[in-house]
Amino acid sequence: MPQPDLIRHLNARLRARPGSEGDDHFELAGVREVQAHFRGRIFRSVFQPQIRRGGEVICHEAFLQVLARDGVGASPQTIFEQAGDDDSIALDRMARKLHVLNFVRQRGWQAGLLALNLSPEALLALVDDRDGLFEAVLADSGLLPRQVVLEVADHGFEDCASLAAAIARCRGRGYRVAIDNFGRFSCDIERLEALAPDIVKLDRCLIGHAGHLGFARRVLAELCAEVRRLGIQLVSQSIESRQQLQAAMASGVDIFQGYLIGRPAPLCLPLGQPAARGYELSA
């Protein structure tokens with residue numbers, strides 16, 4: 001479906017949704033960008049690249065950025081924390097659609113991988129999405145579920161069986177699922193095995209320590225070996241120095257992300273090309 005027609009369709013669905021506000025809508029802004037108006041704020045998508053060994057860009061993680069009115073400069077996490085429960089769910093749904101629209105607008109039919117952040121509650125809601133609106137947006141945009149990575153933060157407090165079932169259902173529908181910020185609250189390998197994601201993203205606290213302490217490097221290497229034993233792909237995020245990058249590489253990490261690799265920006269980087277000159281990532 002042509003994107004202007006899709007945007008009109010989404011706006012009509014927004015207006016028809018119970019509890020929606022009349023000012024909430026998507027709009028084209030220039031040649032390459034779609035923006036979202038939500039509860040008096042204007043949002044855009046920014047994308048941070050992920051690279052594999054060799055330096056090739058293979059995926060972009062999407063984040064919200066506030067453009068106008070109150071909240072400029074606030075982090076997406078702060079925006080979601082300030083929203084009430086209903087608004088938080090509505091904003092989450094709108095953000096996912098916004099990121100898909102912007103990603104496909106840039107990448108076209110050869111879109112590569114798009115990583116989207118969800119809370120465990122949002123993942124469960126996506127699984128129970130009876131009208132299939134999000135998957136309809138993917139289909140109308142020419143993006144397949146297998147090109148989408150759903151990143152869910154596991155604090156270790158949620159019911160493991162329910163979360164594992166939701167992850168299994170998402171994987172069964174073709175999505176890739178990543179456990180985000182692993183190590184921030186728990187390094188429970190047995191719980192990770194029960195959840196059975198495709199990908200684990202290591203929390204910044206692990207790579208931050210590993211970049212400075214020899215003992216922490218050994219702990220990180222042992223942890224990575226346990227995760228890889230489960231057949232799960234590893235991503236090291238928050239790479240901000242070459243020392244951290246070297247520690248992650250030495251630990252057997254597969255994919256790298258962070259300010260050293262590339263900062264979040266409105267435009268995606270070309271797939272299959274180095275994120276920046278000077279990277280020499282080898283096995």
# chains A, B, ... in the order shown; residues from 1 in each chain; ligands from 1
call {"tool": "residues_around", "arguments": {"residues": "Val227 of chain A", "least_positions_apart": "6", "cutoff": "12 Å", "atoms": "only C-alpha atoms", "output": "JSON, numbers by chain"}}
result
{"A": [179, 182, 183, 187, 188, 189, 190, 191, 192, 193, 196, 197, 198, 199, 200, 201, 202, 220, 221, 233, 234, 235, 251, 252, 253, 254]}
call {"tool": "select_by_dssp", "arguments": {"residues": "segment 28-224 of chain A", "states": "strand (DSSP E or B)", "output": "number ranges by chain"}}
result
A: 28, 34-38, 41-52, 56-68, 113-118, 148-153, 176-182, 199-202
call {"tool": "atom_distance", "arguments": {"atom1": "atom CA of Gln50 of chain A", "atom2": "atom CA of Leu230 of chain A"}}
result
21.9 Å
call {"tool": "residues_around", "arguments": {"residues": "Leu123 of chain A", "least_positions_apart": "5", "cutoff": "8 Å", "atoms": "only C-alpha atoms", "output": "list in words"}}
result
Leu118, Val152, Ala166 and Ile167 of chain A
call {"tool": "write_last_selection", "arguments": {"atoms": "all heavy atoms", "output": "PDB file, in the first residue's frame"}}
result
ATOM      1  N   LEU A 118      10.011  -3.343  23.609  1.00  0.00           N
ATOM      2  CA  LEU A 118       8.715  -3.570  24.233  1.00  0.00           C
ATOM      3  C   LEU A 118       8.932  -3.937  25.694  1.00  0.00           C
ATOM      4  O   LEU A 118       9.925  -4.579  26.046  1.00  0.00           O
ATOM      5  CB  LEU A 118       7.949  -4.720  23.569  1.00  0.00           C
ATOM      6  CG  LEU A 118       7.470  -4.588  22.133  1.00  0.00           C
ATOM      7  CD1 LEU A 118       8.544  -5.039  21.161  1.00  0.00           C
ATOM      8  CD2 LEU A 118       6.214  -5.436  21.930  1.00  0.00           C
ATOM      9  N   VAL A 152      12.695  -7.230  24.500  1.00  0.00           N
ATOM     10  CA  VAL A 152      11.908  -7.155  25.727  1.00  0.00           C
ATOM     11  C   VAL A 152      12.846  -7.208  26.926  1.00  0.00           C
ATOM     12  O   VAL A 152      13.709  -8.082  27.014  1.00  0.00           O
ATOM     13  CB  VAL A 152      10.851  -8.277  25.791  1.00  0.00           C
ATOM     14  CG1 VAL A 152      11.484  -9.647  25.642  1.00  0.00           C
ATOM     15  CG2 VAL A 152      10.035  -8.198  27.059  1.00  0.00           C
ATOM     16  N   ALA A 166       4.721 -16.216  25.673  1.00  0.00           N
ATOM     17  CA  ALA A 166       4.578 -15.085  24.755  1.00  0.00           C
ATOM     18  C   ALA A 166       5.739 -15.044  23.761  1.00  0.00           C
ATOM     19  O   ALA A 166       5.546 -14.795  22.562  1.00  0.00           O
ATOM     20  CB  ALA A 166       4.497 -13.781  25.536  1.00  0.00           C
ATOM     21  N   ILE A 167       6.949 -15.293  24.252  1.00  0.00           N
ATOM     22  CA  ILE A 167       8.116 -15.313  23.368  1.00  0.00           C
ATOM     23  C   ILE A 167       7.982 -16.428  22.339  1.00  0.00           C
ATOM     24  O   ILE A 167       8.249 -16.233  21.143  1.00  0.00           O
ATOM     25  CB  ILE A 167       9.406 -15.482  24.203  1.00  0.00           C
ATOM     26  CG1 ILE A 167       9.694 -14.201  24.994  1.00  0.00           C
ATOM     27  CG2 ILE A 167      10.597 -15.821  23.300  1.00  0.00           C
ATOM     28  CD1 ILE A 167      10.850 -14.321  25.959  1.00  0.00           C
TER      29      ILE A 167
END
call {"tool": "closest_residue", "arguments": {"among": "A:Arg93, A:His25, A:His99, A:Arg8", "to": "Arg44 of chain A", "atoms": "only C-alpha atoms"}}
result
A:His99
call {"tool": "select_by_dssp", "arguments": {"residues": "segment 6-148 of chain A", "states": "alpha helix (DSSP H)", "output": "count of residues only"}}
result
58
call {"tool": "atom_distance", "arguments": {"atom1": "atom CA of Val149 of chain A", "atom2": "atom CA of Val127 of chain A"}}
result
14.3 Å
call {"tool": "residues_around", "arguments": {"residues": "Arg96 of chain A", "least_positions_apart": "4", "cutoff": "12 Å", "atoms": "only C-alpha atoms", "output": "compact mmCIF listing (two decimals) with all heavy atoms, in the first residue's frame"}}
result
# COMPACT_ATOMS: atom_id res chain seq x y z
N ALA A 36 4.85 11.54 14.49
CA ALA A 36 3.64 11.17 15.21
C ALA A 36 3.29 12.28 16.19
O ALA A 36 4.15 12.75 16.94
CB ALA A 36 3.85 9.86 15.96
N PHE A 43 6.66 13.42 17.89
CA PHE A 43 7.73 12.42 17.98
C PHE A 43 8.27 12.08 16.60
O PHE A 43 7.53 12.11 15.61
CB PHE A 43 7.20 11.14 18.63
CG PHE A 43 6.77 11.29 20.06
CD1 PHE A 43 5.46 11.62 20.37
CD2 PHE A 43 7.67 11.10 21.09
CE1 PHE A 43 5.05 11.75 21.69
CE2 PHE A 43 7.27 11.23 22.41
CZ PHE A 43 5.97 11.55 22.71
N ARG A 44 9.54 11.72 16.60
CA ARG A 44 10.16 11.19 15.39
C ARG A 44 10.88 9.89 15.76
O ARG A 44 11.06 9.58 16.94
CB ARG A 44 11.16 12.19 14.80
CG ARG A 44 12.48 12.22 15.54
CD ARG A 44 13.43 13.31 15.15
NE ARG A 44 13.62 13.46 13.73
CZ ARG A 44 14.46 14.35 13.20
NH1 ARG A 44 15.19 15.14 14.00
NH2 ARG A 44 14.58 14.46 11.90
N SER A 45 11.32 9.16 14.75
CA SER A 45 12.13 7.96 14.96
C SER A 45 13.60 8.30 14.76
O SER A 45 13.95 9.06 13.86
CB SER A 45 11.75 6.87 13.95
OG SER A 45 10.40 6.50 14.04
N GLU A 61 18.28 -0.34 15.65
CA GLU A 61 17.33 -0.27 16.75
C GLU A 61 16.65 1.09 16.74
O GLU A 61 17.32 2.12 16.62
CB GLU A 61 18.02 -0.50 18.09
CG GLU A 61 17.05 -0.45 19.27
CD GLU A 61 17.71 -0.75 20.60
OE1 GLU A 61 18.90 -1.11 20.62
OE2 GLU A 61 17.02 -0.62 21.63
N ALA A 62 15.34 1.10 16.86
CA ALA A 62 14.56 2.34 16.79
C ALA A 62 14.29 2.91 18.17
O ALA A 62 14.00 2.16 19.11
CB ALA A 62 13.25 2.09 16.05
N PHE A 63 14.36 4.23 18.28
CA PHE A 63 14.05 4.95 19.51
C PHE A 63 13.15 6.13 19.17
O PHE A 63 13.17 6.65 18.06
CB PHE A 63 15.31 5.48 20.19
CG PHE A 63 16.31 4.43 20.57
CD1 PHE A 63 17.37 4.12 19.71
CD2 PHE A 63 16.21 3.75 21.77
CE1 PHE A 63 18.30 3.16 20.06
CE2 PHE A 63 17.14 2.78 22.11
CZ PHE A 63 18.18 2.48 21.26
N LEU A 64 12.36 6.56 20.16
CA LEU A 64 11.56 7.77 20.01
C LEU A 64 12.39 9.00 20.37
O LEU A 64 13.22 8.95 21.27
CB LEU A 64 10.34 7.73 20.94
CG LEU A 64 9.09 6.97 20.49
CD1 LEU A 64 8.03 7.08 21.58
CD2 LEU A 64 8.56 7.49 19.17
N ILE A 89 0.37 2.50 26.97
CA ILE A 89 0.06 1.44 26.01
C ILE A 89 -0.21 2.02 24.63
O ILE A 89 0.28 1.53 23.60
CB ILE A 89 -1.14 0.61 26.50
CG1 ILE A 89 -0.75 -0.16 27.76
CG2 ILE A 89 -1.62 -0.35 25.41
CD1 ILE A 89 -1.92 -0.85 28.44
N ALA A 90 -0.98 3.12 24.59
CA ALA A 90 -1.31 3.76 23.32
C ALA A 90 -0.06 4.32 22.64
O ALA A 90 0.11 4.20 21.42
CB ALA A 90 -2.34 4.86 23.53
N LEU A 91 0.84 4.94 23.43
CA LEU A 91 2.07 5.49 22.88
C LEU A 91 2.97 4.37 22.37
O LEU A 91 3.61 4.50 21.32
CB LEU A 91 2.80 6.33 23.92
CG LEU A 91 4.14 6.92 23.50
CD1 LEU A 91 3.98 7.80 22.26
CD2 LEU A 91 4.76 7.72 24.65
N ASP A 92 3.02 3.26 23.09
CA ASP A 92 3.83 2.12 22.66
C ASP A 92 3.37 1.62 21.30
O ASP A 92 4.19 1.38 20.40
CB ASP A 92 3.75 1.00 23.70
CG ASP A 92 4.47 -0.25 23.24
OD1 ASP A 92 5.70 -0.29 23.37
OD2 ASP A 92 3.80 -1.19 22.75
N VAL A 100 8.18 1.56 12.08
CA VAL A 100 8.04 0.77 10.86
C VAL A 100 7.90 1.68 9.65
O VAL A 100 8.56 1.49 8.62
CB VAL A 100 6.84 -0.19 10.97
CG1 VAL A 100 6.53 -0.81 9.60
CG2 VAL A 100 7.13 -1.29 11.98
N LEU A 101 7.04 2.69 9.76
CA LEU A 101 6.83 3.62 8.65
C LEU A 101 8.13 4.32 8.26
O LEU A 101 8.46 4.42 7.06
CB LEU A 101 5.77 4.66 9.03
CG LEU A 101 4.34 4.16 9.19
CD1 LEU A 101 3.46 5.25 9.79
CD2 LEU A 101 3.76 3.69 7.87
N ASN A 102 8.89 4.79 9.24
CA ASN A 102 10.14 5.50 8.94
C ASN A 102 11.22 4.57 8.42
O ASN A 102 11.97 4.91 7.50
CB ASN A 102 10.63 6.24 10.18
CG ASN A 102 9.94 7.57 10.38
OD1 ASN A 102 9.84 8.36 9.46
ND2 ASN A 102 9.45 7.81 11.59
N PHE A 103 11.29 3.38 8.99
CA PHE A 103 12.31 2.42 8.56
C PHE A 103 12.10 2.02 7.10
O PHE A 103 13.04 2.04 6.29
CB PHE A 103 12.24 1.19 9.47
CG PHE A 103 13.36 0.20 9.27
CD1 PHE A 103 14.66 0.53 9.59
CD2 PHE A 103 13.10 -1.07 8.79
CE1 PHE A 103 15.69 -0.39 9.42
CE2 PHE A 103 14.11 -1.99 8.64
CZ PHE A 103 15.41 -1.66 8.95
N LEU A 114 14.97 -4.60 11.78
CA LEU A 114 14.53 -3.47 12.61
C LEU A 114 14.28 -3.99 14.01
O LEU A 114 13.52 -4.94 14.21
CB LEU A 114 13.24 -2.87 12.05
CG LEU A 114 12.52 -1.85 12.93
CD1 LEU A 114 13.38 -0.60 13.11
CD2 LEU A 114 11.16 -1.49 12.32
N ALA A 115 14.93 -3.40 15.02
CA ALA A 115 14.75 -3.79 16.42
C ALA A 115 13.83 -2.79 17.11
O ALA A 115 14.03 -1.58 17.04
CB ALA A 115 16.10 -3.84 17.14
N LEU A 116 12.79 -3.33 17.78
CA LEU A 116 11.80 -2.52 18.48
C LEU A 116 11.77 -2.91 19.95
O LEU A 116 11.80 -4.09 20.28
CB LEU A 116 10.41 -2.74 17.87
CG LEU A 116 10.26 -2.42 16.38
CD1 LEU A 116 8.90 -2.88 15.88
CD2 LEU A 116 10.44 -0.92 16.13
N ASN A 117 11.68 -1.91 20.83
CA ASN A 117 11.65 -2.16 22.27
C ASN A 117 10.22 -2.33 22.76
O ASN A 117 9.34 -1.55 22.41
CB ASN A 117 12.31 -0.99 23.02
CG ASN A 117 13.80 -0.95 22.79
OD1 ASN A 117 14.55 -1.71 23.40
ND2 ASN A 117 14.24 -0.07 21.91
N LEU A 118 10.01 -3.34 23.61
CA LEU A 118 8.72 -3.57 24.23
C LEU A 118 8.93 -3.94 25.69
O LEU A 118 9.93 -4.58 26.05
CB LEU A 118 7.95 -4.72 23.57
CG LEU A 118 7.47 -4.59 22.13
CD1 LEU A 118 8.54 -5.04 21.16
CD2 LEU A 118 6.21 -5.44 21.93
N ALA A 122 3.78 -5.13 27.07
CA ALA A 122 3.50 -4.81 25.67
C ALA A 122 3.66 -6.04 24.78
O ALA A 122 2.92 -6.22 23.81
CB ALA A 122 4.42 -3.69 25.19
N LEU A 123 4.63 -6.90 25.13
CA LEU A 123 4.81 -8.14 24.37
C LEU A 123 3.57 -9.03 24.51
O LEU A 123 3.09 -9.60 23.52
CB LEU A 123 6.05 -8.89 24.85
CG LEU A 123 6.43 -10.12 24.02
CD1 LEU A 123 7.00 -9.70 22.68
CD2 LEU A 123 7.43 -11.00 24.77
N LEU A 126 0.86 -7.59 22.41
CA LEU A 126 1.07 -7.86 20.99
C LEU A 126 0.63 -9.27 20.64
O LEU A 126 0.00 -9.51 19.60
CB LEU A 126 2.55 -7.66 20.64
CG LEU A 126 2.94 -7.97 19.19
CD1 LEU A 126 2.20 -7.06 18.22
CD2 LEU A 126 4.46 -7.82 19.00
N LEU A 133 -3.52 -5.54 13.90
CA LEU A 133 -3.23 -4.27 13.24
C LEU A 133 -1.74 -4.08 13.00
O LEU A 133 -1.33 -3.61 11.92
CB LEU A 133 -3.80 -3.11 14.05
CG LEU A 133 -3.60 -1.71 13.45
CD1 LEU A 133 -4.21 -1.63 12.06
CD2 LEU A 133 -4.20 -0.64 14.35
N PHE A 134 -0.90 -4.42 13.98
CA PHE A 134 0.54 -4.21 13.80
C PHE A 134 1.06 -5.05 12.65
O PHE A 134 1.83 -4.57 11.81
CB PHE A 134 1.29 -4.52 15.10
CG PHE A 134 2.78 -4.34 14.97
CD1 PHE A 134 3.33 -3.09 14.73
CD2 PHE A 134 3.65 -5.42 15.06
CE1 PHE A 134 4.70 -2.91 14.59
CE2 PHE A 134 5.01 -5.25 14.93
CZ PHE A 134 5.54 -4.00 14.70
N GLU A 135 0.66 -6.32 12.60
CA GLU A 135 1.12 -7.17 11.51
C GLU A 135 0.56 -6.71 10.17
O GLU A 135 1.20 -6.88 9.13
CB GLU A 135 0.76 -8.63 11.80
CG GLU A 135 1.59 -9.19 12.95
CD GLU A 135 1.34 -10.66 13.22
OE1 GLU A 135 0.60 -11.29 12.44
OE2 GLU A 135 1.90 -11.17 14.21
N VAL A 137 0.16 -3.54 9.45
CA VAL A 137 1.04 -2.43 9.10
C VAL A 137 2.34 -2.95 8.50
O VAL A 137 2.84 -2.41 7.50
CB VAL A 137 1.33 -1.55 10.33
CG1 VAL A 137 2.40 -0.51 10.03
CG2 VAL A 137 0.06 -0.86 10.80
N LEU A 138 2.89 -4.02 9.08
CA LEU A 138 4.10 -4.62 8.51
C LEU A 138 3.84 -5.07 7.08
O LEU A 138 4.62 -4.78 6.17
CB LEU A 138 4.54 -5.84 9.35
CG LEU A 138 5.09 -5.58 10.75
CD1 LEU A 138 5.51 -6.91 11.38
CD2 LEU A 138 6.26 -4.63 10.73
N VAL A 148 11.90 -8.29 11.90
CA VAL A 148 11.67 -7.49 13.11
C VAL A 148 12.19 -8.22 14.33
O VAL A 148 11.88 -9.39 14.55
CB VAL A 148 10.16 -7.19 13.29
CG1 VAL A 148 9.92 -6.42 14.59
CG2 VAL A 148 9.63 -6.40 12.10
N VAL A 149 13.03 -7.53 15.11
CA VAL A 149 13.52 -8.04 16.38
C VAL A 149 12.74 -7.35 17.50
O VAL A 149 12.78 -6.12 17.62
CB VAL A 149 15.03 -7.79 16.56
CG1 VAL A 149 15.51 -8.36 17.90
CG2 VAL A 149 15.82 -8.39 15.41
N LEU A 150 12.02 -8.12 18.30
CA LEU A 150 11.28 -7.58 19.43
C LEU A 150 12.18 -7.66 20.67
O LEU A 150 12.50 -8.75 21.14
CB LEU A 150 9.99 -8.37 19.66
CG LEU A 150 9.02 -8.42 18.47
CD1 LEU A 150 7.84 -9.32 18.79
CD2 LEU A 150 8.55 -7.02 18.08
N GLU A 151 12.60 -6.51 21.19
CA GLU A 151 13.49 -6.47 22.35
C GLU A 151 12.67 -6.26 23.61
O GLU A 151 12.02 -5.22 23.77
CB GLU A 151 14.52 -5.35 22.20
CG GLU A 151 15.47 -5.53 21.03
CD GLU A 151 16.63 -4.56 21.07
OE1 GLU A 151 16.74 -3.80 22.06
OE2 GLU A 151 17.43 -4.55 20.12
call {"tool": "atom_distance", "arguments": {"atom1": "atom CA of Arg242 of chain A", "atom2": "atom CA of Gly55 of chain A"}}
result
13.3 Å
call {"tool": "residues_around", "arguments": {"residues": "Asp154 of chain A", "least_positions_apart": "6", "cutoff": "9 Å", "atoms": "only C-alpha atoms", "output": "NGL selection string"}}
result
:A and (119-120 or 163 or 179-182 or 185-186)
call {"tool": "write_last_selection", "arguments": {"atoms": "all heavy atoms", "output": "PDB file, in the first residue's frame"}}
result
ATOM      1  N   SER A 119       7.983  -3.547  26.529  1.00  0.00           N
ATOM      2  CA  SER A 119       7.946  -4.064  27.896  1.00  0.00           C
ATOM      3  C   SER A 119       7.349  -5.467  27.850  1.00  0.00           C
ATOM      4  O   SER A 119       6.703  -5.841  26.864  1.00  0.00           O
ATOM      5  CB  SER A 119       7.076  -3.161  28.773  1.00  0.00           C
ATOM      6  OG  SER A 119       5.721  -3.228  28.343  1.00  0.00           O
ATOM      7  N   PRO A 120       7.540  -6.279  28.901  1.00  0.00           N
ATOM      8  CA  PRO A 120       6.872  -7.585  28.933  1.00  0.00           C
ATOM      9  C   PRO A 120       5.364  -7.470  28.755  1.00  0.00           C
ATOM     10  O   PRO A 120       4.748  -8.299  28.082  1.00  0.00           O
ATOM     11  CB  PRO A 120       7.245  -8.127  30.316  1.00  0.00           C
ATOM     12  CG  PRO A 120       8.552  -7.482  30.638  1.00  0.00           C
ATOM     13  CD  PRO A 120       8.446  -6.093  30.051  1.00  0.00           C
ATOM     14  N   LEU A 163       5.818 -15.284  30.244  1.00  0.00           N
ATOM     15  CA  LEU A 163       6.717 -14.582  29.335  1.00  0.00           C
ATOM     16  C   LEU A 163       7.302 -15.541  28.308  1.00  0.00           C
ATOM     17  O   LEU A 163       7.404 -15.214  27.116  1.00  0.00           O
ATOM     18  CB  LEU A 163       7.823 -13.893  30.130  1.00  0.00           C
ATOM     19  CG  LEU A 163       8.798 -13.013  29.338  1.00  0.00           C
ATOM     20  CD1 LEU A 163       8.047 -11.943  28.546  1.00  0.00           C
ATOM     21  CD2 LEU A 163       9.822 -12.369  30.278  1.00  0.00           C
ATOM     22  N   ILE A 179      16.171 -10.709  24.552  1.00  0.00           N
ATOM     23  CA  ILE A 179      16.098 -10.292  25.952  1.00  0.00           C
ATOM     24  C   ILE A 179      17.062  -9.136  26.120  1.00  0.00           C
ATOM     25  O   ILE A 179      18.270  -9.269  25.907  1.00  0.00           O
ATOM     26  CB  ILE A 179      16.452 -11.437  26.908  1.00  0.00           C
ATOM     27  CG1 ILE A 179      15.426 -12.565  26.804  1.00  0.00           C
ATOM     28  CG2 ILE A 179      16.547 -10.928  28.344  1.00  0.00           C
ATOM     29  CD1 ILE A 179      14.017 -12.177  27.201  1.00  0.00           C
ATOM     30  N   ASP A 180      16.529  -7.980  26.491  1.00  0.00           N
ATOM     31  CA  ASP A 180      17.324  -6.756  26.582  1.00  0.00           C
ATOM     32  C   ASP A 180      17.862  -6.576  28.007  1.00  0.00           C
ATOM     33  O   ASP A 180      17.274  -7.047  28.979  1.00  0.00           O
ATOM     34  CB  ASP A 180      16.452  -5.568  26.200  1.00  0.00           C
ATOM     35  CG  ASP A 180      17.257  -4.338  25.841  1.00  0.00           C
ATOM     36  OD1 ASP A 180      18.487  -4.439  25.705  1.00  0.00           O
ATOM     37  OD2 ASP A 180      16.657  -3.253  25.677  1.00  0.00           O
ATOM     38  N   ASN A 181      19.007  -5.897  28.110  1.00  0.00           N
ATOM     39  CA  ASN A 181      19.608  -5.523  29.398  1.00  0.00           C
ATOM     40  C   ASN A 181      19.873  -6.728  30.299  1.00  0.00           C
ATOM     41  O   ASN A 181      19.730  -6.646  31.524  1.00  0.00           O
ATOM     42  CB  ASN A 181      18.710  -4.515  30.131  1.00  0.00           C
ATOM     43  CG  ASN A 181      18.486  -3.248  29.329  1.00  0.00           C
ATOM     44  OD1 ASN A 181      19.363  -2.812  28.591  1.00  0.00           O
ATOM     45  ND2 ASN A 181      17.315  -2.660  29.454  1.00  0.00           N
ATOM     46  N   PHE A 182      20.277  -7.841  29.702  1.00  0.00           N
ATOM     47  CA  PHE A 182      20.586  -9.028  30.495  1.00  0.00           C
ATOM     48  C   PHE A 182      21.801  -8.756  31.380  1.00  0.00           C
ATOM     49  O   PHE A 182      22.833  -8.278  30.919  1.00  0.00           O
ATOM     50  CB  PHE A 182      20.883 -10.216  29.577  1.00  0.00           C
ATOM     51  CG  PHE A 182      21.117 -11.507  30.299  1.00  0.00           C
ATOM     52  CD1 PHE A 182      20.068 -12.193  30.884  1.00  0.00           C
ATOM     53  CD2 PHE A 182      22.394 -12.048  30.387  1.00  0.00           C
ATOM     54  CE1 PHE A 182      20.277 -13.395  31.538  1.00  0.00           C
ATOM     55  CE2 PHE A 182      22.615 -13.238  31.045  1.00  0.00           C
ATOM     56  CZ  PHE A 182      21.549 -13.915  31.630  1.00  0.00           C
ATOM     57  N   PHE A 185      19.643  -6.933  36.245  1.00  0.00           N
ATOM     58  CA  PHE A 185      18.970  -7.415  37.445  1.00  0.00           C
ATOM     59  C   PHE A 185      19.331  -8.858  37.776  1.00  0.00           C
ATOM     60  O   PHE A 185      19.269  -9.258  38.927  1.00  0.00           O
ATOM     61  CB  PHE A 185      17.445  -7.304  37.275  1.00  0.00           C
ATOM     62  CG  PHE A 185      16.969  -5.898  37.052  1.00  0.00           C
ATOM     63  CD1 PHE A 185      16.703  -5.436  35.766  1.00  0.00           C
ATOM     64  CD2 PHE A 185      16.809  -5.024  38.111  1.00  0.00           C
ATOM     65  CE1 PHE A 185      16.268  -4.148  35.554  1.00  0.00           C
ATOM     66  CE2 PHE A 185      16.382  -3.730  37.911  1.00  0.00           C
ATOM     67  CZ  PHE A 185      16.110  -3.286  36.623  1.00  0.00           C
ATOM     68  N   SER A 186      19.676  -9.616  36.751  1.00  0.00           N
ATOM     69  CA  SER A 186      19.924 -11.030  36.962  1.00  0.00           C
ATOM     70  C   SER A 186      20.753 -11.594  35.810  1.00  0.00           C
ATOM     71  O   SER A 186      20.648 -11.121  34.668  1.00  0.00           O
ATOM     72  CB  SER A 186      18.594 -11.797  37.064  1.00  0.00           C
ATOM     73  OG  SER A 186      18.807 -13.194  37.038  1.00  0.00           O
TER      74      SER A 186
END
call {"tool": "residues_around", "arguments": {"residues": "Ile58 of chain A", "least_positions_apart": "6", "cutoff": "7 Å", "atoms": "only C-alpha atoms", "output": "ChimeraX atom specification"}}
result
/A:50-51,112-113,271-272
call {"tool": "closest_atom_pairs", "arguments": {"of": "segment 140-253 of chain A", "to": "segment 257-264 of chain A", "cutoff": "6 Å", "atoms": "only C-alpha atoms", "output": "CSV"}}
result
residue,atom,partner,partner_atom,distance
A:Gln237,CA,A:Gln257,CA,4.5
A:Ser238,CA,A:Gly258,CA,4.2
A:Ile239,CA,A:Gly258,CA,4.3
A:Glu240,CA,A:Leu260,CA,4.7
call {"tool": "closest_residue", "arguments": {"among": "A:Arg41, A:Arg105, A:Arg169, A:Arg184", "to": "Ala153 of chain A", "atoms": "only C-alpha atoms"}}
result
A:Arg184
